[in-house]
Every structure is written in structure tokens, then in C-alpha cells.
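What follows is a single structure, written as C-alpha cells, with notes after it.
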Amino acid sequence: MPFSLLALPPLAKALIAQLGGWLFAYVSARLGTLGESGLSSAGIITIQAVCAAALAWWLASDRWWIPIHLAFTPAIIAAQQLAIAPYWYLVAFVASWLIFRNTIRTRVPLYLSNAQAVEAIAEQLPSDRPFRFLDLGSGTGALLLPLARRFPNGTFVGIESAPLPLWLARWQAQGQSNLVYLSGDIFSESWRGYDFVYAFLSPAPMARVARKARNELAPGAVLISNSFPLPDQEPSRVQPLDAAGRRTLYWYPF
Ligand SMILES: C[S@@+](CC[C@H](N)C(=O)[O-])C[C@H]1O[C@@H](n2cnc3c(N)ncnc32)[C@H](O)[C@@H]1O
């Protein structure tokens with residue numbers, strides 16, 4: 001298969017865009033010094049940012065990379081003007097690593113279910129019989145903790161691979177005996193035996209979620225996906241969570 005830059009993973013494209021931006025900026029600065037008036041620092045930074053964004057666009061990176069490339073170098077330069085102690089950069093790096101270190105592989109960042117999602121799901125859970133509820137990628141427990149408090153008849157399980165959100169979730173759930181968090185990968189753990197399985201992930205893993213759900217969920221179980229529908233299955237219900245339709249619950253009975 002011929003090598004194509006367009007097939008590179010997103011981070012490799014981002015690196016190429018930034019380095020390419022710096023190459024353009026360097027060449028422009030050198031050419032500028034040959035002319036009557038040299039380029040200002042602001043001019044060089046602008047050239048770097050615009051070229052990096054243009055390269056990202058040319059490499060067919062997702063659209064949200066464009067503002068990141070436009071802001072990246074100006075933000076570094078601006079941060080250098082602030083008198084921030086160097087160890088804060090280390091703290092920010094370690095915290096980001098503990099939250100996002102798997103995001104490159106999973107392509108699922110951390111964002112949290114809101115109160116509307118909790119309410120919409122609570123309306124559908126039984127209060128008169130036991131049930132088992134699984135959250136795929138449970139984050140800080142924004143969904144599971146309020147549900148576990150509200151439904152003592154339910155057993156709630158979260159699977160999470162990022163250490164810091166997992167630690168926060170476990171810390172908040174101390175004493176909540178019907179709620180447990182497992183450290184691991186959602187595709188390595190079994191989904192068998194659950195009545196409700198909740199996913200708030202990203203478009204990237206949804207085909208795999210659909211396959212595993214079809215293999216492992218029993219008839220009568222329900223998969224609820226927040227914001228990202230299964231690619232090859234019609235939901236029985238589409239439930240917008242806000243008027244603008246930014247978040248929607250998709251219900252899939254099996
Ligand atoms: C969008 S957040 C949702 C958090 C939580 N379910 C909620 O609704 O508030 C997705 C979470 O899934 C986790 N995650 C993504 N892929 C995963 C995987 N393959 N195994 C375990 N956790 C995963 C991420 O680390 C992140 O915390």
C-alpha cells in the first residue's frame with residue numbers, strides 16, 4: 001500500500017503541522033532579514049500559527065485541530081510572559097497524563113454526563129426490583145453516583161482506564177455499597193449479566209461497542225448511548241436532553 005500522509009494517526013499529523021509551521025516561519029524570518037525591514041516576532045508567530053493550521057487542514061485533520069494549531073504557539077509565548085513557577089507546568093502535565101493518557105489509543109476524551117442525563121435515565125430505572133447497571137468508561141462517576149444513591153435496589157458498576165478520574169470516583173463513592181468501580185478496559189471486561197449498559201464515549205469506538213453488545217447482552221437488556229448513536233442499528237427511542245439538541249440519549253433494547 002503506498003504511504004499516505006493522510007493515513008497517519010492524528011498526533012503524528014499534529015506534530016508534522018507544528019514542525020512544518022516552524023519551518024515556514026524560520027524560512028520567512030530568514031528571507032525577512034534579507035529585505036529592508038525584518039519580520040517582527042509577532043509576524044513570525046503569526047506565520048507559524050497560520051501555516052500549522054493550513055498544514056493540518058491539508059492533512060485532513062479533524063476540524064477542531066485548526067483552532068488548536070492557531071492558538072498553540074501564541075499560547076506558549078504568552079505563558080512565557082507570565083511569571084508562572086516552572087513546577088506548575090509539571091503539575092499540569094502529570095494531571096493531564098493521569099486523565100488523558102489513554103485518549104490517544106481510545107480516542108475518547110473525558111467529559112461528564114449532566115443532570116439531564118441522570119434524570120432521563122432515572123425515569124426509566126425500576127425502583128421495585130433488583131437490576132444491574134454498567135457504565136462503560138465511568139469517568140468521575142457523574143452518572144453512577146447519583147443513580148446509585150437514588151436506587152438502593154440497583155447494583156452499579158463502572159469500568160474506567162484513566163487513573164485520576166477513577167481515583168476521584170472511588171473517593172466520592174466511599175460507603176456507597178451498591179456502587180463499584182473497576183480499573184480496566186471496557187472491551188476486555190464482560191458485559192454479560194447487566195440489565196442496563198450506558199456509554200458516553202465518542203464516534204470512534206461505537207462500531208466495536210455495537211458488536212460487543214450484540215455478542216454479550218441478553219434479550220431484554222438495554223444499551224443507552226449518550227450523544228453517539230450505534231452506526232448500524234436503529235434506536236427504539238431518541239431522546240434529546242436539551243432544546244439545542246447538543247446531547248441526545250439513544251436507547252437500544254436487545
Ligand atoms: C466521555 S467520558 C464519560 C464519563 C462518564 N461515563 C460520564 O458519563 O460522566 C468517557 C470516559 O471513558 C473512558 N474510556 C474511554 N475508553 C475507555 C476504554 N476503552 N476502557 C475504559 N475506559 C475508557 C475515558 O477515560 C473517559 O473517562
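If you're wondering about the labels, chains in the C-alpha cells are A, B, ... by order shown, residues count from 1 in each chain, ligands from 1 in order shown.
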
Distance table requested - chain A against ligand 1, cut-off 9 Å, only C-alpha atoms and all ligand atoms: one row per qualifying residue with the closest atom pair and its distance in Å to one decimal, ordered by chain and rising residue number, as a Markdown table.
| residue | atom | partner | partner_atom_place_in_ligand_line | distance |
| --- | --- | --- | --- | --- |
| A:Ile99 | CA | ligand 1 | 25 (O) | 6.8 |
| A:Phe100 | CA | ligand 1 | 25 (O) | 6.7 |
| A:Arg101 | CA | ligand 1 | 25 (O) | 8.4 |
| A:Asn102 | CA | ligand 1 | 25 (O) | 6.7 |
| A:Thr103 | CA | ligand 1 | 25 (O) | 6.8 |
| A:Arg105 | CA | ligand 1 | 19 (N) | 8.2 |
| A:Thr106 | CA | ligand 1 | 16 (N) | 4.9 |
| A:Arg107 | CA | ligand 1 | 16 (N) | 7.1 |
| A:Val108 | CA | ligand 1 | 15 (C) | 4.8 |
| A:Pro109 | CA | ligand 1 | 26 (C) | 5.6 |
| A:Leu110 | CA | ligand 1 | 2 (S) | 4.1 |
| A:Tyr111 | CA | ligand 1 | 1 (C) | 4.3 |
| A:Leu112 | CA | ligand 1 | 9 (O) | 3.4 |
| A:Ser113 | CA | ligand 1 | 9 (O) | 3.9 |
| A:Asn114 | CA | ligand 1 | 9 (O) | 7.2 |
| A:Ala117 | CA | ligand 1 | 8 (O) | 8.4 |
| A:Val118 | CA | ligand 1 | 8 (O) | 8.9 |
| A:Asp135 | CA | ligand 1 | 6 (N) | 5.8 |
| A:Leu136 | CA | ligand 1 | 6 (N) | 6.2 |
| A:Gly137 | CA | ligand 1 | 12 (O) | 3.1 |
| A:Ser138 | CA | ligand 1 | 6 (N) | 3.7 |
| A:Gly139 | CA | ligand 1 | 27 (O) | 3.6 |
| A:Thr140 | CA | ligand 1 | 9 (O) | 6.4 |
| A:Gly141 | CA | ligand 1 | 9 (O) | 5.8 |
| A:Ala142 | CA | ligand 1 | 9 (O) | 4.4 |
| A:Leu143 | CA | ligand 1 | 9 (O) | 5.3 |
| A:Leu144 | CA | ligand 1 | 7 (C) | 7.8 |
| A:Gly158 | CA | ligand 1 | 6 (N) | 7.9 |
| A:Ile159 | CA | ligand 1 | 21 (C) | 5.7 |
| A:Glu160 | CA | ligand 1 | 22 (N) | 3.9 |
| A:Ser161 | CA | ligand 1 | 21 (C) | 4.1 |
| A:Ala162 | CA | ligand 1 | 25 (O) | 4.8 |
| A:Pro163 | CA | ligand 1 | 25 (O) | 8.4 |
| A:Pro165 | CA | ligand 1 | 27 (O) | 6.5 |
| A:Leu166 | CA | ligand 1 | 27 (O) | 7.9 |
| A:Ser183 | CA | ligand 1 | 21 (C) | 7.6 |
| A:Gly184 | CA | ligand 1 | 21 (C) | 5.6 |
| A:Asp185 | CA | ligand 1 | 20 (N) | 3.4 |
| A:Ile186 | CA | ligand 1 | 20 (N) | 4.1 |
| A:Phe187 | CA | ligand 1 | 19 (N) | 6.0 |
| A:Ser188 | CA | ligand 1 | 20 (N) | 8.1 |
| A:Glu189 | CA | ligand 1 | 20 (N) | 8.9 |
| A:Tyr198 | CA | ligand 1 | 6 (N) | 7.4 |
| A:Ala199 | CA | ligand 1 | 6 (N) | 6.4 |
| A:Phe200 | CA | ligand 1 | 3 (C) | 4.9 |
| A:Leu201 | CA | ligand 1 | 1 (C) | 4.7 |
| A:Ser202 | CA | ligand 1 | 1 (C) | 7.1 |
| A:Pro205 | CA | ligand 1 | 16 (N) | 8.0 |
| A:Asn226 | CA | ligand 1 | 8 (O) | 7.9 |

task: Return as an NGL selection string the full set of residues in segment 113-171 of chain A whose backbone-based DSSP assignment is strand (DSSP E or B).
output: :A and (131-136 or 154-160)

I'd like a table as a tab-separated table: residues in segment 42-152 of chain A with an atom no more than 9 Å from segment 230-249 of chain A, each row giving the shortest atom pair and its distance in Å to one decimal, only C-alpha atoms counted, sorted by chain and rising residue number.
residue	atom	partner	partner_atom	distance
A:Gln116	CA	A:Leu241	CA	6.0
A:Ala117	CA	A:Leu241	CA	6.6
A:Ala120	CA	A:Leu241	CA	7.9
A:Ile121	CA	A:Leu249	CA	8.9

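Among the residues of segment 111-193 of chain A, backbone DSSP assigns alpha helix (DSSP H) to Ala115, Gln116, Ala117, Val118, Glu119, Ala120, Ile121, Ala122, Leu144, Leu145, Pro146, Leu147, Ala148, Arg149, Arg150, Pro163, Leu164, Pro165, Leu166, Trp167, Leu168, Ala169, Arg170, Trp171 and Gln172 of chain A.
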
- request: Do a neighbour search on Gln124 of chain A at 12 Å with only C-alpha atoms, toss out local chain neighbours closer than 5 positions, and write the hits as a PyMOL selection string.
  value: chain A and resi 117-119+131+147+151+195-196+222+224+251

Would you tabulate, counting only C-alpha atoms, all residues of segment 22-95 of chain A that have an atom at most 10 Å from an atom of segment 2-17 of chain A, showing the closest pair of atoms and their distance in Å to one decimal, sorted by chain then ascending number, as CSV?
residue,atom,partner,partner_atom,distance
A:Trp22,CA,A:Ala17,CA,8.7
A:Leu23,CA,A:Ala17,CA,9.8
A:Gln48,CA,A:Ala17,CA,9.5
A:Ala49,CA,A:Ala17,CA,9.4
A:Cys51,CA,A:Ala17,CA,7.7
A:Ala52,CA,A:Ala17,CA,4.6
A:Ala53,CA,A:Ala17,CA,7.0
A:Ala54,CA,A:Ala17,CA,8.0
A:Leu55,CA,A:Ala17,CA,5.2
A:Ala56,CA,A:Ala17,CA,5.4
A:Trp57,CA,A:Ala17,CA,9.0
A:Trp58,CA,A:Leu6,CA,8.7
A:Leu59,CA,A:Leu6,CA,5.4
A:Ala60,CA,A:Leu6,CA,6.5
A:Ser61,CA,A:Pro10,CA,6.7
A:Asp62,CA,A:Pro10,CA,8.2
A:Trp65,CA,A:Ala14,CA,7.8
A:Ile66,CA,A:Ala14,CA,9.8
A:Ile68,CA,A:Ala14,CA,9.5
A:His69,CA,A:Ala17,CA,7.9

field: Å distance separating atom CA of Ser127 of chain A from atom CA of Pro229 of chain A, one decimal place
entry: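 For atom CA of Ser127 of chain A relative to atom CA of Pro229 of chain A, the distance reads 27.1 Å.
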
message: What's the separation between atom CA of Ala122 of chain A and atom CA of Arg150 of chain A, in Å to one decimal place?
response: 8.2 Å
